[in-house]
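**Q** Have a look at the structure that comes next, please.
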There are 2 protein chains.
Amino acid sequence: MGKSLAVSPLAPASFPTLPDIAGVEVATAAAGVKYRDRTDVMLARLVPGTAVAGVFTRSATRSAPVLDCQAKIGGSPDQGAAILVNSGNSNAFTGGRGVESVHAITTAVANAAGVPVDRVFTSSTGVIGEPLPHDRIIAKLDEMAANLAPARLEDAARAIMTTDTFPKGASAEITVDGKAVRIAGIAKGSGMIAPDMATMLVYIFTDAAIAQDRLQTMLSDLTDKTFNCITVDSDTSTSDTLLLAATGASGVSVDASPDFETALHGVMLDLAHQVVRDGEGATKFVEVTVTGAASDADARTHAMSIANSPLVKTAIAGEDPNWGRIVMAIGKSGAAADRDLLSIKFGDILVAENGWVSPGYREEDGAAYMKQPELVIAVDIGLGSGNATVWTCDLTHGYISINADYRS
Amino acid sequence: MGKSLAVSPLAPASFPTLPDIAGVEVATAAAGVKYRDRTDVMLARLVPGTAVAGVFTRSATRSAPVLDCQAKIGGSPDQGAAILVNSGNSNAFTGGRGVESVHAITTAVANAAGVPVDRVFTSSTGVIGEPLPHDRIIAKLDEMAANLAPARLEDAARAIMTTDTFPKGASAEITVDGKAVRIAGIAKGSGMIAPDMATMLVYIFTDAAIAQDRLQTMLSDLTDKTFNCITVDSDTSTSDTLLLAATGASGVSVDASPDFETALHGVMLDLAHQVVRDGEGATKFVEVTVTGAASDADARTHAMSIANSPLVKTAIAGEDPNWGRIVMAIGKSGAAADRDLLSIKFGDILVAENGWVSPGYREEDGAAYMKQPELVIAVDIGLGSGNATVWTCDLTHGYISINADYRS
């Protein structure tokens with residue numbers, strides 16, 4: 001990078017205070033993988049008994065660490081686990097040498113953290129196609145193992161950043177059977193964000209006790225409602241990884257707690273929205289809701305067509321209430337639509353209905369609405385009861401500047 | 001618009017000299033539909049016996065003129081035909097009033113040009129969702145009818161421009177049975193360009209004699225190899241129209257002439273490439289060729305995924321030989337690929353093979369190649385014999401500037 005990007009205008013005011021999660025220890029280091037003068041590696045150690053669930057990119061050109069990580073999900077939790085993440089280099093499309101790097105790192109982490117190698121999960125994010133200088137990471141492992149401590153999640157969120165302009169964290173605390181259960185998560189990601197999933201790394205920790213297969217099902221279901229409903233530029237990374245570790249250290253079983261799933265949903269949605277808020281060059285946070293489609297799948301197709309349309313996204317950047325481009329995006333999506341049954345709202349403002357502009361719509365109202373940083377575009381297709389909501393940002397000069405220069 | 005865009009650096013040096021097509025007369029006028037101080041309407045009259053074939057957008061929110069035009073294809077050629085096109089307003093998503101405008105215009109053109117109303121084909125391009133001031137167009141019809149003359153295709157190409165920075169024309173002449181047969185076409189389109197088809201209007205005229213159903217089959221087949229293989233921004237217009245009129249005035253039947261189909265293919269490809277060369281903000285003309293895919297359809301999916309990727313397109317804008325983003329685009333396309341069998345070339349430079357950078361590749365060679373205005377990205381998937389070629393342009397600050405301001 002070498003350059004420092006201004007913090008997104010859509011960023012939260014500050015990093016949230018995250019609770020310590022019993023059974024989780026974290027450390028970071030500046031290994032100099034690519035960046036200078038900043039941390040670029042995080043290590044998390046998880047106590048014996050920790051269940052780990054994961055969701056990964058479906059790219060056909062997934063990176064070596066993703067393939068390794070994916071293969072290890074579902075293993076025995078008896079002897080603890082570790083997560084190691086580096087930024088600056090994605091170790092993607094690096095051939096046999098990439099596999100060797102993963103082997104070298106996982107072996108060294110297993111030794112340093114005292115866990116089995118088949119319970120070492122690694123992620124790498126950054127440049128594609130350059131060999132990962134894994135010796136630099138391995139050289140820092142003893143230092144990190146000595147520094148492991150519970151309250152370092154904000155440090156970890158900073159260490160995994162690439163083009164991110166702010167660190168991302170979210171948490172929740174619920175009471176089950178009179179006892180506290182905590183969830184805390186961190187994420188990185190700002191470009192190449194689209195299902196499935198994004199250039200996105202997400203690590204969520206909880207002290208809840210829960211069976212591994214139940215944890216995996218919950219994570220997969222909630223990913224479809226959160227991280228798979230955001231898009232920055234329609235591109236999909238070779239490295240996307242979402243890991244959820246449940247240490248059980250609270251001693252509270254949440255297998256039968258709907259509150260836990262709701263709280264986890266909230267943490268995941270918060271992190272997903274923060275990723276959109278840090279979309280490269282973003283100046284507007286946009287919710288696109290489609291109702292009345294022939295099916296939920298059709299609603300999602302329409303919503304994603306609107307959210308990914310360069311013409312819609314540039315109109316939003318220009319604060320232009322250009323509903324014609326929304327009609328265009330619905331028309332091209334491939335899902336069922338009838339031009340004369342559509343209605344379109346900007347927030348509460350009814351803009352178009354019955355195949356044309358609404359009689360009560362005034363252009364100046366639409367223009368005033370578009371000046372806000374947070375927008376809701378609501379479309380009713382008028383055909384059925386399918387619905388979907390997705391989140392995106394605008395497409396600006398900032399996106400071009402970042403991506404015409406940054407070698408990712 | 002109100003502003004004048006600089007001519008694309010990828011534009012041809014000058015508008016080509018187009019041959020007169022026997023049986024075709026053209027006129028233009030400045031009707032003031034939206035623009036000031038320029039022509040914005042073209043009228044073409046076609047002699048009795050003219051076969052007319054057409055291909056149209058598949059958008060579910062097609063405009064009123066598209067629906068009218070589409071319904072008329074295949075009618076009897078006995079009494080001649082007329083084509084009327086306006087720029088500045090697309091008459092799309094204008095409800096019942098849009099249908100009334102089409103009715104008013106087609107009726108008036110039929111009277112002015114002396115052809116049946118069911119042989120009057122109209123197109124409108126420009127702003128969506130505003131009523132078309134059709135009276136302004138109708139007021140100019142007598143003047144245009146009086147000015148009809150064969151050699152006005154360049155004028156027509158200028159009258160139909162919207163955000164285009166140069167008028168687009170192409171022609172061919174072949175000899176069949178010792179006699180000359182001529183083809184000449186014009187096009188407009190610069191944004192919302194993607195299958196199927198584009199914000200694109202194309203009118204091609206020939207004096208060949210050919211049966212209507214044969215003409216339609218040929219046009220549909222060649223569209224799949226030309227206009228449906230270009231993309232500027234992945235968006236699809238509500239108004240795309242391609243009309244091909246064969247007057248038969250040369251007296252030469254081309255039903256059995258492969259040369260005619262080849263020549264028509266050449267004219268269509270030339271016009272399609274000119275549309276890409278005028279892509280909004282474009283500074284690079286890019287051919288993407290995919291070979292070795294599991295099928296031709298898979299090859300096309302990969303090629304379009306590369307050509308539409310914002311990250312690939314911004315890397316090209318930045319003259320960055322970022323082949324990692326090409327790997328990413330192949331991985332996300334959904335078509336079959338094996339990371340370790342891919343190879344990627346920039347022109348003749350072998351960049352990546354066997355799952356990693358090629359041993360002989362030097363970054364400075366790739367960087368020098370990317371500085372050229374015309375680029376070829378060639379990918380071999382290594383799985384089968386499917387292939388496809390598509391054309392696109394880069395994604396620049398110019399695209400953002402044009403589309404964050406222009407109400408289309």
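So you can find residues: chains in the structure tokens are A, B, ... in the order shown, residues in each start at 1, and ligands are numbered from 1 in order.
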Report chain A as a compact mmCIF listing (two decimals) with C-alpha atoms, in the first residue's frame in the frame of chain B, after least-squares superposition over all C-alpha atoms paired in order.
**A**
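Here's the written file result30.txt:
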```txt
# COMPACT_ATOMS: atom_id res chain seq x y z
CA MET A 1 -26.69 16.86 -21.35
CA GLY A 2 -25.70 20.48 -21.73
CA LYS A 3 -22.06 19.48 -21.59
CA SER A 4 -19.87 18.31 -24.38
CA LEU A 5 -17.75 15.24 -23.81
CA ALA A 6 -14.26 14.93 -25.25
CA VAL A 7 -14.06 12.46 -28.13
CA SER A 8 -12.95 9.02 -26.97
CA PRO A 9 -9.21 8.42 -27.44
CA LEU A 10 -10.21 5.06 -28.98
CA ALA A 11 -12.37 6.63 -31.72
CA PRO A 12 -11.60 5.98 -35.41
CA ALA A 13 -9.75 8.86 -37.10
CA SER A 14 -12.86 9.89 -39.04
CA PHE A 15 -16.34 8.76 -40.00
CA PRO A 16 -16.10 6.31 -42.89
CA THR A 17 -17.47 7.10 -46.32
CA LEU A 18 -20.65 5.06 -46.53
CA PRO A 19 -22.07 3.99 -49.91
CA ASP A 20 -25.60 4.96 -50.86
CA ILE A 21 -27.93 2.00 -50.49
CA ALA A 22 -30.44 1.76 -53.34
CA GLY A 23 -33.97 1.86 -51.98
CA VAL A 24 -33.08 3.81 -48.81
CA GLU A 25 -33.69 7.54 -48.25
CA VAL A 26 -32.83 9.36 -45.05
CA ALA A 27 -33.51 12.74 -43.46
CA THR A 28 -32.80 14.31 -40.07
CA ALA A 29 -34.17 17.24 -38.08
CA ALA A 30 -33.62 19.24 -34.91
CA ALA A 31 -36.92 18.74 -33.06
CA GLY A 32 -35.73 19.91 -29.65
CA VAL A 33 -36.91 16.76 -27.84
CA LYS A 34 -34.33 17.52 -25.18
CA TYR A 35 -31.12 18.80 -26.70
CA ARG A 36 -30.59 22.27 -28.13
CA ASP A 37 -28.64 23.20 -31.26
CA ARG A 38 -28.35 19.71 -32.69
CA THR A 39 -30.32 17.18 -34.70
CA ASP A 40 -32.24 14.62 -32.66
CA VAL A 41 -34.56 12.80 -35.09
CA MET A 42 -33.86 10.62 -38.10
CA LEU A 43 -36.35 9.29 -40.64
CA ALA A 44 -35.56 6.52 -43.12
CA ARG A 45 -37.93 5.49 -45.91
CA LEU A 46 -37.55 2.07 -47.51
CA VAL A 47 -38.93 1.09 -50.92
CA PRO A 48 -41.73 -1.44 -51.36
CA GLY A 49 -40.35 -4.98 -51.15
CA THR A 50 -37.96 -4.24 -48.27
CA ALA A 51 -37.57 -7.10 -45.78
CA VAL A 52 -36.99 -5.91 -42.18
CA ALA A 53 -35.45 -8.11 -39.49
CA GLY A 54 -34.95 -7.08 -35.85
CA VAL A 55 -33.32 -8.02 -32.55
CA PHE A 56 -34.39 -6.34 -29.31
CA THR A 57 -33.46 -6.05 -25.64
CA ARG A 58 -34.69 -8.93 -23.48
CA SER A 59 -35.27 -6.58 -20.55
CA ALA A 60 -38.52 -7.28 -18.68
CA THR A 61 -39.08 -3.52 -18.56
CA ARG A 62 -38.77 -2.85 -22.31
CA SER A 63 -39.99 0.49 -23.58
CA ALA A 64 -43.24 1.11 -25.46
CA PRO A 65 -41.46 1.68 -28.80
CA VAL A 66 -39.53 -1.59 -28.43
CA LEU A 67 -42.73 -3.54 -27.81
CA ASP A 68 -44.41 -1.90 -30.81
CA CYS A 69 -41.40 -2.45 -33.07
CA GLN A 70 -40.98 -6.06 -32.03
CA ALA A 71 -44.62 -6.85 -32.82
CA LYS A 72 -44.26 -5.53 -36.38
CA ILE A 73 -41.24 -7.61 -37.45
CA GLY A 74 -42.17 -10.18 -40.07
CA GLY A 75 -45.00 -8.20 -41.67
CA SER A 76 -45.61 -7.95 -45.41
CA PRO A 77 -42.92 -5.94 -47.28
CA ASP A 78 -45.17 -5.07 -50.22
CA GLN A 79 -45.87 -1.40 -49.48
CA GLY A 80 -42.52 -0.13 -48.16
CA ALA A 81 -41.53 0.80 -44.63
CA ALA A 82 -40.18 3.64 -42.50
CA ILE A 83 -37.88 3.92 -39.48
CA LEU A 84 -38.08 6.88 -37.13
CA VAL A 85 -35.62 7.37 -34.29
CA ASN A 86 -35.33 10.13 -31.71
CA SER A 87 -32.64 10.81 -29.11
CA GLY A 88 -33.03 12.68 -25.80
CA ASN A 89 -35.95 10.68 -24.40
CA SER A 90 -36.37 6.90 -24.38
CA ASN A 91 -40.14 6.81 -23.79
CA ALA A 92 -39.41 3.97 -21.37
CA PHE A 93 -41.43 3.43 -18.16
CA THR A 94 -43.94 6.06 -19.22
CA GLY A 95 -47.11 3.98 -18.72
CA GLY A 96 -50.16 4.43 -20.94
CA ARG A 97 -48.88 7.80 -22.08
CA GLY A 98 -45.86 6.10 -23.65
CA VAL A 99 -48.11 3.85 -25.71
CA GLU A 100 -50.09 6.91 -26.85
CA SER A 101 -46.88 8.61 -27.97
CA VAL A 102 -45.89 5.61 -30.07
CA HIS A 103 -49.36 5.53 -31.64
CA ALA A 104 -49.28 9.25 -32.43
CA ILE A 105 -45.80 9.09 -33.98
CA THR A 106 -46.32 5.94 -36.03
CA THR A 107 -49.61 7.27 -37.43
CA ALA A 108 -48.02 10.58 -38.40
CA VAL A 109 -44.96 8.89 -39.96
CA ALA A 110 -47.20 6.57 -41.99
CA ASN A 111 -48.97 9.62 -43.42
CA ALA A 112 -45.82 11.64 -44.07
CA ALA A 113 -43.85 8.74 -45.63
CA GLY A 114 -46.74 7.10 -47.44
CA VAL A 115 -46.33 3.65 -45.88
CA PRO A 116 -48.70 1.49 -43.80
CA VAL A 117 -48.64 2.16 -40.04
CA ASP A 118 -47.77 -1.48 -39.36
CA ARG A 119 -44.54 -0.92 -41.30
CA VAL A 120 -43.42 2.09 -39.25
CA PHE A 121 -40.65 1.10 -36.84
CA THR A 122 -39.69 3.60 -34.12
CA SER A 123 -36.96 3.79 -31.49
CA SER A 124 -36.39 6.29 -28.70
CA THR A 125 -33.22 6.69 -26.64
CA GLY A 126 -32.37 8.94 -23.72
CA VAL A 127 -33.95 9.72 -20.35
CA ILE A 128 -36.21 7.04 -18.81
CA GLY A 129 -39.54 7.87 -17.15
CA GLU A 130 -40.30 11.27 -18.63
CA PRO A 131 -43.16 11.78 -21.11
CA LEU A 132 -41.96 11.98 -24.71
CA PRO A 133 -42.91 15.37 -26.23
CA HIS A 134 -44.01 13.63 -29.43
CA ASP A 135 -45.68 16.77 -30.84
CA ARG A 136 -42.23 18.27 -31.39
CA ILE A 137 -41.24 15.24 -33.49
CA ILE A 138 -44.51 15.15 -35.44
CA ALA A 139 -44.13 18.86 -36.25
CA LYS A 140 -40.90 18.05 -38.14
CA LEU A 141 -42.18 15.13 -40.22
CA ASP A 142 -43.26 17.07 -43.31
CA GLU A 143 -39.91 18.87 -43.42
CA MET A 144 -38.08 15.55 -43.13
CA ALA A 145 -40.25 13.84 -45.75
CA ALA A 146 -39.42 16.67 -48.18
CA ASN A 147 -35.69 16.30 -47.47
CA LEU A 148 -35.39 12.51 -47.87
CA ALA A 149 -32.27 11.62 -49.85
CA PRO A 150 -29.99 8.56 -50.11
CA ALA A 151 -26.68 9.99 -48.88
CA ARG A 152 -27.57 11.09 -45.37
CA LEU A 153 -26.42 8.17 -43.19
CA GLU A 154 -23.69 10.17 -41.46
CA ASP A 155 -26.28 12.82 -40.55
CA ALA A 156 -28.48 10.04 -39.20
CA ALA A 157 -25.61 8.61 -37.14
CA ARG A 158 -25.18 12.03 -35.53
CA ALA A 159 -28.88 12.57 -34.86
CA ILE A 160 -29.23 9.41 -32.75
CA MET A 161 -26.25 10.09 -30.43
CA THR A 162 -26.77 10.56 -26.66
CA THR A 163 -23.60 10.27 -24.54
CA ASP A 164 -21.74 9.04 -27.62
CA THR A 165 -18.60 11.05 -28.33
CA PHE A 166 -18.43 10.12 -32.03
CA PRO A 167 -20.89 8.95 -34.71
CA LYS A 168 -20.56 5.29 -35.69
CA GLY A 169 -20.76 3.87 -39.20
CA ALA A 170 -19.47 0.89 -41.17
CA SER A 171 -20.01 -0.59 -44.63
CA ALA A 172 -19.11 -3.40 -46.99
CA GLU A 173 -19.46 -4.11 -50.67
CA ILE A 174 -19.36 -7.53 -52.23
CA THR A 175 -19.86 -8.87 -55.72
CA VAL A 176 -22.44 -11.60 -56.27
CA ASP A 177 -23.05 -13.04 -59.74
CA GLY A 178 -20.97 -10.16 -61.10
CA LYS A 179 -23.11 -7.46 -59.52
CA ALA A 180 -22.40 -5.18 -56.55
CA VAL A 181 -24.29 -5.64 -53.27
CA ARG A 182 -23.84 -2.98 -50.62
CA ILE A 183 -24.30 -2.90 -46.84
CA ALA A 184 -24.12 0.24 -44.69
CA GLY A 185 -24.94 0.61 -41.01
CA ILE A 186 -24.98 3.16 -38.22
CA ALA A 187 -25.07 2.73 -34.44
CA LYS A 188 -25.25 4.62 -31.18
CA GLY A 189 -24.37 3.47 -27.70
CA SER A 190 -21.73 4.09 -25.09
CA GLY A 191 -23.05 3.11 -21.63
CA MET A 192 -25.53 0.45 -20.40
CA ILE A 193 -23.78 -1.83 -22.85
CA ALA A 194 -24.06 -5.52 -22.11
CA PRO A 195 -26.00 -8.42 -23.49
CA ASP A 196 -28.69 -8.55 -24.27
CA MET A 197 -28.04 -6.21 -25.90
CA ALA A 198 -26.97 -2.72 -24.78
CA THR A 199 -28.22 0.86 -24.76
CA MET A 200 -27.66 0.46 -28.30
CA LEU A 201 -29.49 1.40 -31.43
CA VAL A 202 -28.26 -0.07 -34.69
CA TYR A 203 -29.70 0.35 -38.19
CA ILE A 204 -28.22 -1.57 -41.08
CA PHE A 205 -29.34 -1.21 -44.67
CA THR A 206 -28.54 -3.33 -47.71
CA ASP A 207 -29.73 -3.43 -51.29
CA ALA A 208 -29.51 -7.22 -51.30
CA ALA A 209 -32.60 -9.28 -52.11
CA ILE A 210 -33.26 -11.86 -49.41
CA ALA A 211 -36.25 -13.59 -47.87
CA GLN A 212 -37.47 -12.11 -44.60
CA ASP A 213 -37.11 -15.30 -42.54
CA ARG A 214 -33.60 -15.95 -43.87
CA LEU A 215 -32.66 -12.33 -43.05
CA GLN A 216 -34.02 -12.72 -39.50
CA THR A 217 -32.13 -15.96 -38.84
CA MET A 218 -28.89 -14.46 -40.13
CA LEU A 219 -29.32 -11.32 -38.01
CA SER A 220 -30.07 -13.29 -34.84
CA ASP A 221 -27.09 -15.62 -35.35
CA LEU A 222 -24.67 -12.80 -36.09
CA THR A 223 -25.91 -10.75 -33.11
CA ASP A 224 -24.77 -13.55 -30.81
CA LYS A 225 -21.26 -13.24 -32.26
CA THR A 226 -21.09 -9.44 -32.28
CA PHE A 227 -23.36 -7.16 -30.26
CA ASN A 228 -24.00 -9.83 -27.61
CA CYS A 229 -20.23 -10.21 -27.14
CA ILE A 230 -19.53 -6.67 -26.01
CA THR A 231 -19.86 -5.16 -22.56
CA VAL A 232 -19.10 -1.75 -21.13
CA ASP A 233 -20.66 -1.84 -17.67
CA SER A 234 -22.81 -5.00 -17.51
CA ASP A 235 -25.99 -2.92 -17.50
CA THR A 236 -28.74 -3.60 -20.04
CA SER A 237 -30.98 -0.99 -21.52
CA THR A 238 -34.76 -0.98 -21.78
CA SER A 239 -34.55 0.26 -25.38
CA ASP A 240 -31.97 -1.77 -27.34
CA THR A 241 -32.94 -2.18 -30.94
CA LEU A 242 -31.15 -3.56 -33.99
CA LEU A 243 -32.95 -3.34 -37.32
CA LEU A 244 -31.70 -4.73 -40.61
CA ALA A 245 -33.51 -3.66 -43.79
CA ALA A 246 -32.89 -5.38 -47.12
CA THR A 247 -34.43 -3.40 -49.98
CA GLY A 248 -33.70 -5.84 -52.78
CA ALA A 249 -33.04 -2.83 -55.03
CA SER A 250 -29.74 -4.27 -56.30
CA GLY A 251 -31.76 -7.04 -57.92
CA VAL A 252 -29.26 -9.56 -56.56
CA SER A 253 -30.49 -12.47 -54.46
CA VAL A 254 -28.08 -13.35 -51.63
CA ASP A 255 -30.11 -16.22 -50.18
CA ALA A 256 -27.35 -18.63 -51.17
CA SER A 257 -24.33 -16.32 -50.78
CA PRO A 258 -21.97 -17.07 -47.89
CA ASP A 259 -20.08 -13.89 -48.83
CA PHE A 260 -23.09 -11.80 -47.88
CA GLU A 261 -23.26 -13.28 -44.39
CA THR A 262 -19.51 -12.78 -43.96
CA ALA A 263 -19.75 -9.16 -45.09
CA LEU A 264 -22.71 -8.50 -42.81
CA HIS A 265 -20.79 -10.09 -39.94
CA GLY A 266 -17.93 -7.70 -40.62
CA VAL A 267 -20.17 -4.64 -40.59
CA MET A 268 -21.85 -5.73 -37.36
CA LEU A 269 -18.54 -6.49 -35.64
CA ASP A 270 -17.11 -3.15 -36.73
CA LEU A 271 -20.12 -1.29 -35.30
CA ALA A 272 -20.03 -3.37 -32.09
CA HIS A 273 -16.34 -2.56 -31.60
CA GLN A 274 -17.03 1.13 -32.18
CA VAL A 275 -19.63 1.02 -29.40
CA VAL A 276 -17.00 -0.39 -27.02
CA ARG A 277 -14.47 2.20 -28.23
CA ASP A 278 -16.98 4.83 -27.15
CA GLY A 279 -17.60 3.16 -23.78
CA GLU A 280 -18.17 5.89 -21.23
CA GLY A 281 -14.76 7.02 -19.99
CA ALA A 282 -12.93 4.27 -21.91
CA THR A 283 -9.18 4.61 -22.48
CA LYS A 284 -8.42 0.96 -23.40
CA PHE A 285 -10.04 -1.39 -25.93
CA VAL A 286 -9.77 -4.94 -24.59
CA GLU A 287 -10.31 -8.28 -26.30
CA VAL A 288 -10.84 -11.18 -23.90
CA THR A 289 -10.38 -14.63 -25.44
CA VAL A 290 -11.04 -17.81 -23.50
CA THR A 291 -10.04 -21.21 -24.89
CA GLY A 292 -9.93 -24.70 -23.41
CA ALA A 293 -13.15 -24.36 -21.44
CA ALA A 294 -15.44 -27.31 -20.84
CA SER A 295 -17.91 -25.85 -23.38
CA ASP A 296 -18.42 -22.75 -25.50
CA ALA A 297 -21.02 -21.60 -22.96
CA ASP A 298 -18.52 -21.96 -20.11
CA ALA A 299 -15.92 -20.07 -22.14
CA ARG A 300 -18.39 -17.23 -22.62
CA THR A 301 -19.23 -17.20 -18.90
CA HIS A 302 -15.55 -16.92 -17.99
CA ALA A 303 -14.90 -14.27 -20.66
CA MET A 304 -17.84 -12.13 -19.53
CA SER A 305 -16.86 -12.53 -15.87
CA ILE A 306 -13.40 -11.14 -16.70
CA ALA A 307 -14.80 -8.42 -18.98
CA ASN A 308 -17.37 -7.26 -16.39
CA SER A 309 -15.19 -7.42 -13.28
CA PRO A 310 -14.76 -3.93 -11.80
CA LEU A 311 -11.44 -5.01 -10.31
CA VAL A 312 -10.09 -6.24 -13.65
CA LYS A 313 -11.37 -3.12 -15.42
CA THR A 314 -9.84 -0.71 -12.89
CA ALA A 315 -6.51 -2.58 -13.03
CA ILE A 316 -6.52 -2.10 -16.82
CA ALA A 317 -7.32 1.59 -16.31
CA GLY A 318 -4.28 1.80 -14.02
CA GLU A 319 -2.09 -0.05 -16.58
CA ASP A 320 -1.44 -2.66 -13.88
CA PRO A 321 -0.68 -6.18 -15.25
CA ASN A 322 -2.69 -7.59 -12.34
CA TRP A 323 -3.29 -11.15 -13.49
CA GLY A 324 -4.38 -12.13 -9.96
CA ARG A 325 -7.65 -10.32 -10.58
CA ILE A 326 -8.16 -12.37 -13.75
CA VAL A 327 -7.73 -15.54 -11.68
CA MET A 328 -10.31 -14.10 -9.26
CA ALA A 329 -12.79 -13.41 -12.07
CA ILE A 330 -12.42 -16.94 -13.45
CA GLY A 331 -12.89 -18.38 -9.99
CA LYS A 332 -16.10 -16.49 -9.30
CA SER A 333 -17.72 -17.01 -12.71
CA GLY A 334 -19.50 -20.22 -11.81
CA ALA A 335 -18.19 -22.07 -14.88
CA ALA A 336 -15.80 -25.01 -14.52
CA ALA A 337 -12.13 -24.19 -13.84
CA ASP A 338 -9.13 -25.81 -12.20
CA ARG A 339 -6.75 -23.37 -10.58
CA ASP A 340 -3.71 -25.47 -11.47
CA LEU A 341 -4.54 -25.90 -15.19
CA LEU A 342 -5.10 -22.22 -16.07
CA SER A 343 -2.81 -20.22 -18.26
CA ILE A 344 -3.02 -16.48 -18.87
CA LYS A 345 -1.42 -14.37 -21.60
CA PHE A 346 -1.26 -10.61 -22.12
CA GLY A 347 -0.88 -10.44 -25.91
CA ASP A 348 1.97 -12.87 -26.65
CA ILE A 349 3.36 -12.70 -23.11
CA LEU A 350 2.77 -15.86 -21.09
CA VAL A 351 2.02 -14.56 -17.60
CA ALA A 352 0.71 -17.48 -15.58
CA GLU A 353 0.52 -21.25 -16.02
CA ASN A 354 0.23 -24.39 -13.89
CA GLY A 355 -1.36 -22.57 -10.98
CA TRP A 356 1.27 -19.89 -10.67
CA VAL A 357 3.20 -17.12 -12.36
CA SER A 358 5.12 -18.36 -15.41
CA PRO A 359 8.87 -18.85 -14.73
CA GLY A 360 9.82 -16.70 -17.73
CA TYR A 361 7.43 -13.85 -16.94
CA ARG A 362 8.95 -10.51 -16.07
CA GLU A 363 6.70 -7.93 -14.43
CA GLU A 364 8.25 -5.12 -16.50
CA ASP A 365 7.15 -6.86 -19.71
CA GLY A 366 3.57 -7.03 -18.46
CA ALA A 367 3.69 -3.40 -17.33
CA ALA A 368 5.00 -2.26 -20.73
CA TYR A 369 2.27 -4.23 -22.52
CA MET A 370 -0.50 -2.66 -20.44
CA LYS A 371 0.48 0.83 -21.57
CA GLN A 372 -0.91 0.13 -25.06
CA PRO A 373 -4.41 1.38 -25.89
CA GLU A 374 -5.47 -1.97 -27.42
CA LEU A 375 -5.04 -5.09 -25.31
CA VAL A 376 -5.64 -8.82 -25.69
CA ILE A 377 -6.16 -10.96 -22.59
CA ALA A 378 -6.05 -14.65 -23.50
CA VAL A 379 -6.95 -17.34 -20.98
CA ASP A 380 -6.72 -21.07 -21.52
CA ILE A 381 -8.78 -23.01 -18.99
CA GLY A 382 -7.08 -26.32 -19.79
CA LEU A 383 -10.19 -28.46 -19.47
CA GLY A 384 -11.72 -28.89 -22.95
CA SER A 385 -12.24 -27.23 -26.30
CA GLY A 386 -14.84 -24.54 -25.57
CA ASN A 387 -13.92 -21.03 -26.64
CA ALA A 388 -15.33 -17.50 -26.79
CA THR A 389 -14.17 -13.96 -27.49
CA VAL A 390 -15.71 -10.81 -26.05
CA TRP A 391 -14.74 -7.15 -26.11
CA THR A 392 -14.79 -4.55 -23.38
CA CYS A 393 -13.11 -1.37 -22.16
CA ASP A 394 -11.56 -0.19 -18.90
CA LEU A 395 -13.40 1.40 -15.94
CA THR A 396 -12.13 4.91 -15.29
CA HIS A 397 -12.84 8.15 -13.49
CA GLY A 398 -14.49 9.25 -16.73
CA TYR A 399 -17.25 6.61 -16.30
CA ILE A 400 -18.01 7.88 -12.81
CA SER A 401 -18.04 11.51 -13.89
CA ILE A 402 -20.41 10.84 -16.78
CA ASN A 403 -22.82 8.67 -14.81
CA ALA A 404 -22.90 10.50 -11.51
CA ASP A 405 -24.15 13.56 -13.38
CA TYR A 406 -26.08 12.48 -16.47
CA ARG A 407 -29.77 11.72 -15.89
CA SER A 408 -30.35 8.79 -18.27
```
**Q** Determine which residues of stretch 28-196 of chain B receive a DSSP assignment of alpha helix (DSSP H), computed from the backbone, and state them as a count of residues only.
**A** 47
**Q** Using DSSP on the backbone coordinates, identify all residues within stretch 202-318 of chain B classified as strand (DSSP E); present the result as a list in words.
**A**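 The strand (DSSP E) subset of stretch 202-318 of chain B is Val202, Tyr203, Ile204, Phe205, Thr206, Ile230, Thr231, Thr241, Leu242, Leu243, Leu244, Ala245, Ala246, Phe285, Val286, Glu287, Val288, Thr289, Val290, Thr291, Gly292 and Ala293 of chain B.
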